[in-house]
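Novice: So that you have it, the file is upload-v8.txt, and it contains compact mmCIF, C-alpha atoms:
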# COMPACT_ATOMS: atom_id res chain seq x y z
CA MET H 1 32.07 61.97 184.89
CA GLN H 2 34.32 64.57 186.49
CA GLU H 3 36.92 64.09 183.75
CA PHE H 4 34.28 64.38 181.02
CA MET H 5 33.00 67.65 182.51
CA SER H 6 36.51 69.07 182.83
CA THR H 7 37.29 68.14 179.21
CA THR H 8 34.02 69.69 178.01
CA ILE H 9 34.67 72.93 179.91
CA LEU H 10 38.20 73.15 178.50
CA LEU H 11 36.91 72.59 174.96
CA LEU H 12 34.17 75.20 175.33
CA SER H 13 36.58 77.66 176.95
CA SER H 14 38.95 77.27 173.97
CA THR H 15 35.97 77.76 171.66
CA LEU H 16 35.13 81.10 173.27
CA ARG H 17 38.74 82.31 173.08
CA LEU H 18 39.19 81.27 169.44
CA SER H 19 35.85 82.77 168.42
CA VAL H 20 36.67 86.30 169.60
CA PRO H 21 38.53 87.61 166.50
CA LEU H 22 35.92 85.95 164.27
CA ILE H 23 33.05 87.63 166.13
CA LEU H 24 34.67 91.06 166.06
CA CYS H 25 35.59 90.82 162.37
CA GLY H 26 32.20 89.34 161.48
CA LEU H 27 30.43 92.27 163.13
CA ALA H 28 32.84 94.67 161.42
CA GLY H 29 31.89 93.19 158.06
CA LEU H 30 28.23 93.41 159.04
CA TYR H 31 28.44 97.18 159.50
CA SER H 32 30.17 97.84 156.19
CA GLU H 33 28.29 95.33 154.06
CA ARG H 34 24.84 96.26 155.36
CA SER H 35 25.71 99.79 154.24
CA GLY H 36 26.47 98.51 150.74
CA VAL H 37 30.28 98.41 150.92
CA TRP H 38 31.97 95.02 150.55
CA ASP H 39 34.93 94.74 152.90
CA ILE H 40 37.33 92.01 151.78
CA GLY H 41 40.08 93.85 153.66
CA LEU H 42 39.03 92.64 157.11
CA GLU H 43 41.98 90.25 157.15
CA GLY H 44 44.49 92.98 156.34
CA LYS H 45 43.05 95.47 158.81
CA MET H 46 43.11 92.93 161.62
CA LEU H 47 46.69 91.92 160.76
CA PHE H 48 47.99 95.50 160.66
CA ALA H 49 46.11 96.31 163.87
CA ALA H 50 47.76 93.30 165.54
CA PHE H 51 51.20 94.60 164.55
CA ALA H 52 50.40 98.16 165.66
CA ALA H 53 49.09 96.93 169.01
CA ALA H 54 52.15 94.80 169.74
CA ALA H 55 54.63 97.47 168.62
CA ALA H 56 52.93 100.24 170.62
CA ALA H 57 52.41 98.06 173.69
CA TYR H 58 56.11 97.14 173.66
CA GLN H 59 57.22 100.74 173.12
CA PHE H 60 54.96 102.32 175.76
CA ASP H 61 54.66 99.27 178.02
CA SER H 62 50.87 99.62 178.07
CA ALA H 63 48.16 97.37 176.67
CA TRP H 64 45.71 100.28 176.45
CA VAL H 65 48.10 102.31 174.32
CA GLY H 66 48.50 99.24 172.10
CA LEU H 67 44.73 99.00 171.73
CA PHE H 68 44.54 102.70 170.84
CA PHE H 69 47.12 102.34 168.06
CA ALA H 70 45.44 99.17 166.78
CA ILE H 71 42.14 101.01 166.38
CA LEU H 72 43.92 104.03 164.88
CA VAL H 73 45.62 101.92 162.19
CA ALA H 74 42.39 100.08 161.37
CA VAL H 75 40.56 103.41 161.05
CA LEU H 76 43.22 104.75 158.67
CA LEU H 77 42.98 101.64 156.47
CA SER H 78 39.17 101.91 156.47
CA LEU H 79 39.39 105.56 155.43
CA ILE H 80 41.63 104.50 152.52
CA HIS H 81 39.06 101.86 151.57
CA GLY H 82 36.27 104.42 151.82
CA PHE H 83 38.22 107.03 149.83
CA ALA H 84 38.80 104.52 147.02
CA SER H 85 35.41 102.80 146.95
CA VAL H 86 32.95 105.42 148.24
CA THR H 87 34.39 108.81 147.30
CA HIS H 88 35.98 107.72 144.01
CA GLN H 89 33.57 104.83 143.39
CA GLY H 90 36.34 102.34 142.71
CA ASN H 91 36.00 98.58 142.75
CA GLN H 92 35.41 97.58 146.38
CA ILE H 93 36.86 94.08 145.96
CA ILE H 94 40.11 95.36 144.47
CA SER H 95 40.44 97.97 147.21
CA GLY H 96 39.97 95.34 149.91
CA VAL H 97 42.42 92.94 148.31
CA ALA H 98 44.98 95.75 148.04
CA ILE H 99 44.64 96.42 151.77
CA ASN H 100 45.28 92.74 152.47
CA PHE H 101 48.43 92.69 150.31
CA ILE H 102 49.74 95.95 151.75
CA SER H 103 49.19 94.78 155.32
CA SER H 104 50.80 91.41 154.70
CA GLY H 105 53.98 92.95 153.29
CA LEU H 106 54.24 96.15 155.30
CA THR H 107 53.85 94.53 158.73
CA VAL H 108 56.81 92.24 158.06
CA LEU H 109 58.86 95.05 156.53
CA LEU H 110 58.28 97.37 159.50
CA ALA H 111 58.86 94.59 162.03
CA VAL H 112 62.20 93.69 160.43
CA GLY H 113 63.21 97.35 160.17
CA TRP H 114 62.27 98.30 163.73
CA PHE H 115 62.99 95.16 165.74
CA SER H 116 65.27 92.96 163.55
CA LEU H 117 63.59 89.78 164.79
CA GLY H 118 62.67 88.16 161.49
CA GLY H 119 59.28 89.83 161.10
CA ARG H 120 57.99 89.64 164.65
CA THR H 121 57.93 92.00 167.59
CA PRO H 122 59.69 91.40 170.93
CA GLN H 123 58.03 89.29 173.58
CA LEU H 124 55.68 91.46 175.63
CA GLN H 125 55.91 91.67 179.41
CA PRO H 126 52.74 90.91 181.44
CA GLU H 127 52.09 94.61 182.11
CA ALA H 128 51.96 95.26 178.33
CA ARG H 129 49.19 92.67 177.86
CA PHE H 130 45.58 92.59 178.95
CA PRO H 131 45.33 90.66 182.23
CA THR H 132 42.84 87.96 183.06
CA VAL H 133 39.61 89.20 184.61
CA VAL H 134 38.35 87.08 187.50
CA LEU H 135 34.63 87.67 188.06
CA PRO H 136 33.33 88.18 191.62
CA PHE H 137 33.04 85.04 193.78
CA ALA H 138 34.62 82.86 191.04
CA GLU H 139 37.10 81.22 193.40
CA GLU H 140 34.53 80.81 196.18
CA MET H 141 32.09 79.07 193.82
CA ARG H 142 34.65 76.74 192.25
CA SER H 143 33.90 73.97 194.76
CA VAL H 144 30.12 74.13 194.20
CA PRO H 145 29.09 71.00 192.24
CA GLY H 146 27.72 71.66 188.76
CA ILE H 147 27.58 75.43 188.36
CA GLY H 148 30.80 76.13 190.27
CA PRO H 149 33.31 74.92 187.60
CA ILE H 150 31.13 76.41 184.85
CA TYR H 151 31.17 79.86 186.46
CA ALA H 152 34.83 79.73 187.54
CA ASP H 153 36.37 78.15 184.43
CA LEU H 154 33.93 78.81 181.57
CA ILE H 155 32.41 82.22 182.34
CA SER H 156 35.19 83.80 184.40
CA GLY H 157 38.90 83.98 183.64
CA TYR H 158 39.19 85.78 180.28
CA ASN H 159 40.74 89.11 179.41
CA ILE H 160 38.47 92.13 178.98
CA LEU H 161 38.49 91.99 175.15
CA VAL H 162 36.68 88.64 175.26
CA TYR H 163 33.81 90.20 177.19
CA VAL H 164 33.86 93.21 174.85
CA ALA H 165 33.49 90.91 171.84
CA PHE H 166 30.45 89.12 173.25
CA ALA H 167 28.91 92.37 174.48
CA ALA H 168 29.31 93.82 170.97
CA VAL H 169 26.72 91.38 169.61
CA PRO H 170 23.65 92.68 171.52
CA VAL H 171 24.94 96.23 171.13
CA THR H 172 25.12 95.73 167.35
CA TRP H 173 21.62 94.21 167.31
CA TRP H 174 20.33 97.22 169.25
CA VAL H 175 22.10 99.66 166.91
CA PHE H 176 20.69 97.98 163.81
CA HIS H 177 17.12 97.59 165.05
CA GLN H 178 16.51 100.34 167.61
CA THR H 179 18.47 103.40 166.49
CA ARG H 180 17.97 105.85 163.67
CA PHE H 181 21.55 105.32 162.52
CA GLY H 182 21.03 101.56 162.27
CA LEU H 183 17.77 101.86 160.37
CA ARG H 184 19.36 104.29 157.90
CA LEU H 185 22.37 101.97 157.61
CA ARG H 186 20.17 99.05 156.62
CA ALA H 187 18.22 101.26 154.22
CA VAL H 188 21.30 102.58 152.44
CA GLY H 189 22.45 99.04 151.75
CA GLU H 190 19.13 98.22 150.10
CA ASN H 191 18.14 101.42 148.36
CA PRO H 192 20.64 104.29 148.59
CA ALA H 193 18.61 106.45 146.19
CA ALA H 194 15.66 106.47 148.62
CA VAL H 195 17.97 107.47 151.49
CA ASP H 196 19.45 110.21 149.33
CA THR H 197 15.97 111.46 148.43
CA ALA H 198 15.25 111.84 152.15
CA GLY H 199 18.15 114.29 152.37
CA ILE H 200 20.63 111.93 154.02
CA SER H 201 24.19 111.73 152.74
CA VAL H 202 24.85 108.23 151.43
CA ASP H 203 28.61 108.70 151.42
CA TRP H 204 28.78 109.97 155.02
CA LEU H 205 26.58 107.11 156.20
CA ARG H 206 28.84 104.58 154.50
CA TYR H 207 31.95 106.21 155.95
CA ARG H 208 30.46 105.95 159.44
CA ALA H 209 29.69 102.28 158.84
CA LEU H 210 33.31 101.69 157.79
CA LEU H 211 34.55 103.48 160.91
CA CYS H 212 32.38 101.28 163.16
CA GLY H 213 33.85 98.24 161.46
CA ALA H 214 37.38 99.63 161.80
CA ILE H 215 37.02 99.96 165.58
CA LEU H 216 35.94 96.32 165.81
CA CYS H 217 38.80 95.21 163.51
CA GLY H 218 41.26 97.15 165.67
CA ILE H 219 40.03 95.39 168.80
CA ALA H 220 40.30 92.04 167.00
CA GLY H 221 43.90 92.75 166.03
CA ALA H 222 44.81 93.87 169.54
CA TYR H 223 43.24 90.70 170.91
CA LEU H 224 45.47 88.55 168.70
CA SER H 225 48.79 90.16 169.64
CA ILE H 226 48.46 91.58 173.17
CA ALA H 227 45.71 89.48 174.76
CA GLN H 228 45.73 86.00 173.25
CA SER H 229 49.45 86.13 172.46
CA ALA H 230 52.43 88.04 173.81
CA GLY H 231 53.59 89.68 170.60
CA PHE H 232 53.17 89.87 166.84
CA VAL H 233 54.34 87.20 164.42
CA ARG H 234 54.04 87.40 160.64
CA GLU H 235 50.65 86.42 159.18
CA MET H 236 49.30 85.75 162.67
CA SER H 237 45.71 86.46 161.57
CA ALA H 238 45.95 83.15 159.62
CA GLY H 239 42.87 83.71 157.45
CA LYS H 240 40.52 84.59 160.32
CA GLY H 241 39.30 87.64 158.41
CA TYR H 242 38.19 85.41 155.55
CA MET H 243 36.54 82.97 157.96
CA ALA H 244 34.68 85.91 159.50
CA LEU H 245 33.42 86.86 156.04
CA ALA H 246 32.28 83.26 155.54
CA ALA H 247 30.49 83.39 158.91
CA LEU H 248 28.85 86.65 157.86
CA ILE H 249 27.47 85.04 154.70
CA PHE H 250 26.53 81.89 156.62
CA ALA H 251 24.58 84.10 159.05
CA LYS H 252 22.93 85.97 156.19
CA TRP H 253 24.13 89.38 157.42
CA ARG H 254 22.37 89.25 160.84
CA PRO H 255 24.21 89.96 164.12
CA VAL H 256 23.00 87.14 166.39
CA PRO H 257 23.45 84.39 163.77
CA VAL H 258 26.94 85.84 163.16
CA LEU H 259 27.70 85.04 166.81
CA PHE H 260 26.57 81.42 166.47
CA ALA H 261 28.36 80.94 163.15
CA CYS H 262 31.61 82.24 164.67
CA LEU H 263 31.14 80.01 167.72
CA LEU H 264 30.70 77.05 165.37
CA PHE H 265 33.92 77.87 163.50
CA GLY H 266 35.69 78.47 166.82
CA PHE H 267 34.47 75.11 168.08
CA LEU H 268 35.80 73.37 164.96
CA GLU H 269 39.17 75.05 165.45
CA ALA H 270 39.26 74.12 169.15
CA LEU H 271 38.34 70.57 168.20
CA SER H 272 41.17 70.40 165.67
CA ILE H 273 43.68 71.58 168.30
CA ARG H 274 42.36 69.02 170.78
CA PHE H 275 42.56 66.20 168.24
CA GLN H 276 46.19 66.94 167.35
CA ALA H 277 47.27 64.89 170.35
CA PHE H 278 45.35 61.83 169.15
CA ASP H 279 46.95 59.03 167.14
CA PHE H 280 44.88 58.33 164.02
CA GLY H 281 47.17 55.56 162.86
CA LEU H 282 48.04 57.42 159.64
CA GLY H 283 51.38 58.84 160.68
CA SER H 284 51.73 61.88 162.93
CA ALA H 285 52.59 64.40 160.17
CA LEU H 286 49.68 63.42 157.94
CA SER H 287 47.16 63.28 160.76
CA THR H 288 48.27 66.69 162.08
CA GLN H 289 47.83 68.30 158.67
CA ILE H 290 44.43 66.72 158.20
CA VAL H 291 43.22 67.77 161.63
CA GLN H 292 44.52 71.34 161.23
CA SER H 293 42.66 71.69 157.92
CA LEU H 294 39.41 70.42 159.47
CA PRO H 295 37.85 73.80 160.36
CA TYR H 296 38.59 75.24 156.90
CA VAL H 297 37.23 72.20 155.07
CA LEU H 298 34.10 72.11 157.21
CA THR H 299 33.66 75.85 156.66
CA VAL H 300 33.49 75.28 152.91
CA VAL H 301 31.18 72.28 153.36
CA LEU H 302 28.80 74.22 155.59
CA LEU H 303 28.72 77.20 153.27
CA ALA H 304 28.22 75.04 150.20
CA GLY H 305 25.76 72.50 151.48
CA PHE H 306 23.85 73.71 154.52
CA MET H 307 23.55 77.46 154.26
CA GLY H 308 20.66 77.71 151.84
CA ARG H 309 20.18 80.79 149.76
CA ALA H 310 21.84 83.92 151.15
CA ILE H 311 20.51 87.18 149.79
CA PRO H 312 23.01 90.01 150.26
CA PRO H 313 22.05 93.69 150.55
CA LYS H 314 20.71 94.77 147.18
CA ALA H 315 23.08 97.70 146.81
CA GLY H 316 26.09 95.74 148.06
CA GLY H 317 29.23 96.39 146.03
CA ILE H 318 27.56 99.01 143.86
CA PRO H 319 29.00 102.54 144.11
CA TYR H 320 26.29 105.16 144.47
CA THR H 321 26.15 108.04 142.03
CA LYS H 322 24.04 110.96 143.14
CA GLU H 323 21.50 112.01 140.51
CA ARG H 324 21.64 115.65 139.47
The structure in this file should be written as structure tokens.
Specialist:
Amino acid sequence: MQEFMSTTILLLSSTLRLSVPLILCGLAGLYSERSGVWDIGLEGKMLFAAFAAAAAAYQFDSAWVGLFFAILVAVLLSLIHGFASVTHQGNQIISGVAINFISSGLTVLLAVGWFSLGGRTPQLQPEARFPTVVLPFAEEMRSVPGIGPIYADLISGYNILVYVAFAAVPVTWWVFHQTRFGLRLRAVGENPAAVDTAGISVDWLRYRALLCGAILCGIAGAYLSIAQSAGFVREMSAGKGYMALAALIFAKWRPVPVLFACLLFGFLEALSIRFQAFDFGLGSALSTQIVQSLPYVLTVVLLAGFMGRAIPPKAGGIPYTKER
């Protein structure tokens, strides 16, 4: 019984850690897409932010400086996306894909040019990473049967960005449902002409939505390289931006379901890591490849077979032209 509980807590703890970049990117996509701007470039923004965070944290020996540069880079990429797709009314998909390609190539190029380590940054020292946060009375409660291990090992013991990611979900719900900005944001994604008629700038509203998403993408990138890991390696985002987009569609563009969809994908990924140590009797190489592909395959299955009809924002992907 004790072993089963320990295994369950370890699995759930891994789920929470692996879900963090998905949650942050999913919420980032929620802001931009509810405003009517498709954001395929989440993957690229998170990847470039991860590189910027690791490079700055190594250079200045500070995790907070790394986080600042991660957000700054993500904001710059979002402004480029907004300039192309909102100001000049270009194709939003092409703009997002271009950001992904640029980030994939430029991060490796800069890493090789600056650090000469084959496309990665140097190993970060502990002071350049976000430390583990131990919640009050965690150690004292560890010996309490039942709730003690849950509080000490499942709720406590993460870095601050994990708590930021989970706190961002109710904050996003509150912004979307209780603030004037959120209500206008939802309206501009459904009927931008009506918002424009009310005297509100559609373009400025969409730019602000992209900036909100950029901040979340920057935090996600910093989490990958200076919280979860101790440096940047090439393509370290590993398709998490695309999985976040899938979770966003699976959740039908709503913040709380985005959280549960990302937790489900994180659980599948944690399960695949756990199962890598098992012998399936098919040969270690084959079984490892199958298990590693499990979360991606199940993502497609869930989206294809269990999601039901997802209705996106009506003005999504459509550039707005102000009537004169």
Novice: Let me make sure I understand: among H:Phe260, H:Gly239, H:Leu110, H:Gly218, which one has the smallest atom-to-atom distance to H:Phe69 if we use all atoms listed in the file?
Specialist: H:Gly218
Novice: Out of H:His177, H:Lys314, H:Arg34, H:Lys240, which residue has the shortest atom-to-atom distance to H:Met46 when counting only C-alpha atoms?
Specialist: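 Closest candidate: H:Lys240.
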Novice: Find the spatial neighbours of stretch 125-136 of chain H, counting only C-alpha atoms, within a cut-off of 10 Å - ignore same-chain residues fewer than 3 positions away - and output them as a compact mmCIF listing (two decimals) with C-alpha atoms, keeping the file's coordinate frame.
Specialist:
# COMPACT_ATOMS: atom_id res chain seq x y z
CA ALA H 53 49.09 96.93 169.01
CA ALA H 54 52.15 94.80 169.74
CA ALA H 56 52.93 100.24 170.62
CA ALA H 57 52.41 98.06 173.69
CA TYR H 58 56.11 97.14 173.66
CA GLN H 59 57.22 100.74 173.12
CA PHE H 60 54.96 102.32 175.76
CA ASP H 61 54.66 99.27 178.02
CA SER H 62 50.87 99.62 178.07
CA ALA H 63 48.16 97.37 176.67
CA TRP H 64 45.71 100.28 176.45
CA VAL H 65 48.10 102.31 174.32
CA GLY H 66 48.50 99.24 172.10
CA LEU H 67 44.73 99.00 171.73
CA PRO H 122 59.69 91.40 170.93
CA GLU H 139 37.10 81.22 193.40
CA GLU H 140 34.53 80.81 196.18
CA MET H 141 32.09 79.07 193.82
CA TYR H 151 31.17 79.86 186.46
CA ALA H 152 34.83 79.73 187.54
CA ASP H 153 36.37 78.15 184.43
CA ILE H 155 32.41 82.22 182.34
CA SER H 156 35.19 83.80 184.40
CA GLY H 157 38.90 83.98 183.64
CA TYR H 158 39.19 85.78 180.28
CA ASN H 159 40.74 89.11 179.41
CA ILE H 160 38.47 92.13 178.98
CA LEU H 161 38.49 91.99 175.15
CA VAL H 162 36.68 88.64 175.26
CA TYR H 163 33.81 90.20 177.19
CA ALA H 222 44.81 93.87 169.54
CA TYR H 223 43.24 90.70 170.91
CA SER H 225 48.79 90.16 169.64
CA ILE H 226 48.46 91.58 173.17
CA ALA H 227 45.71 89.48 174.76
CA GLN H 228 45.73 86.00 173.25
CA SER H 229 49.45 86.13 172.46
CA ALA H 230 52.43 88.04 173.81
CA GLY H 231 53.59 89.68 170.60
Novice: Closest to H:Glu190 among H:Ile318, H:Cys25, H:Val233, H:Ile40, using only C-alpha atoms?
Specialist: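 For H:Glu190, the nearest of the given residues is H:Ile318.
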Novice: Can you tell me how far atom CA of H:Gly36 sits from atom CA of H:Ile80, in Å to one decimal?
Specialist: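 Atom CA of H:Ile80 lies at a distance of 16.4 Å from atom CA of H:Gly36.
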Novice: Please tell me which residues are no farther than 9 Å from (30.2, 80.4, 169.7) in the file, counting all atoms listed in the file, and write them as a PyMOL selection string.
Specialist: chain H and resi 12+15-16+19-20+23+259-267
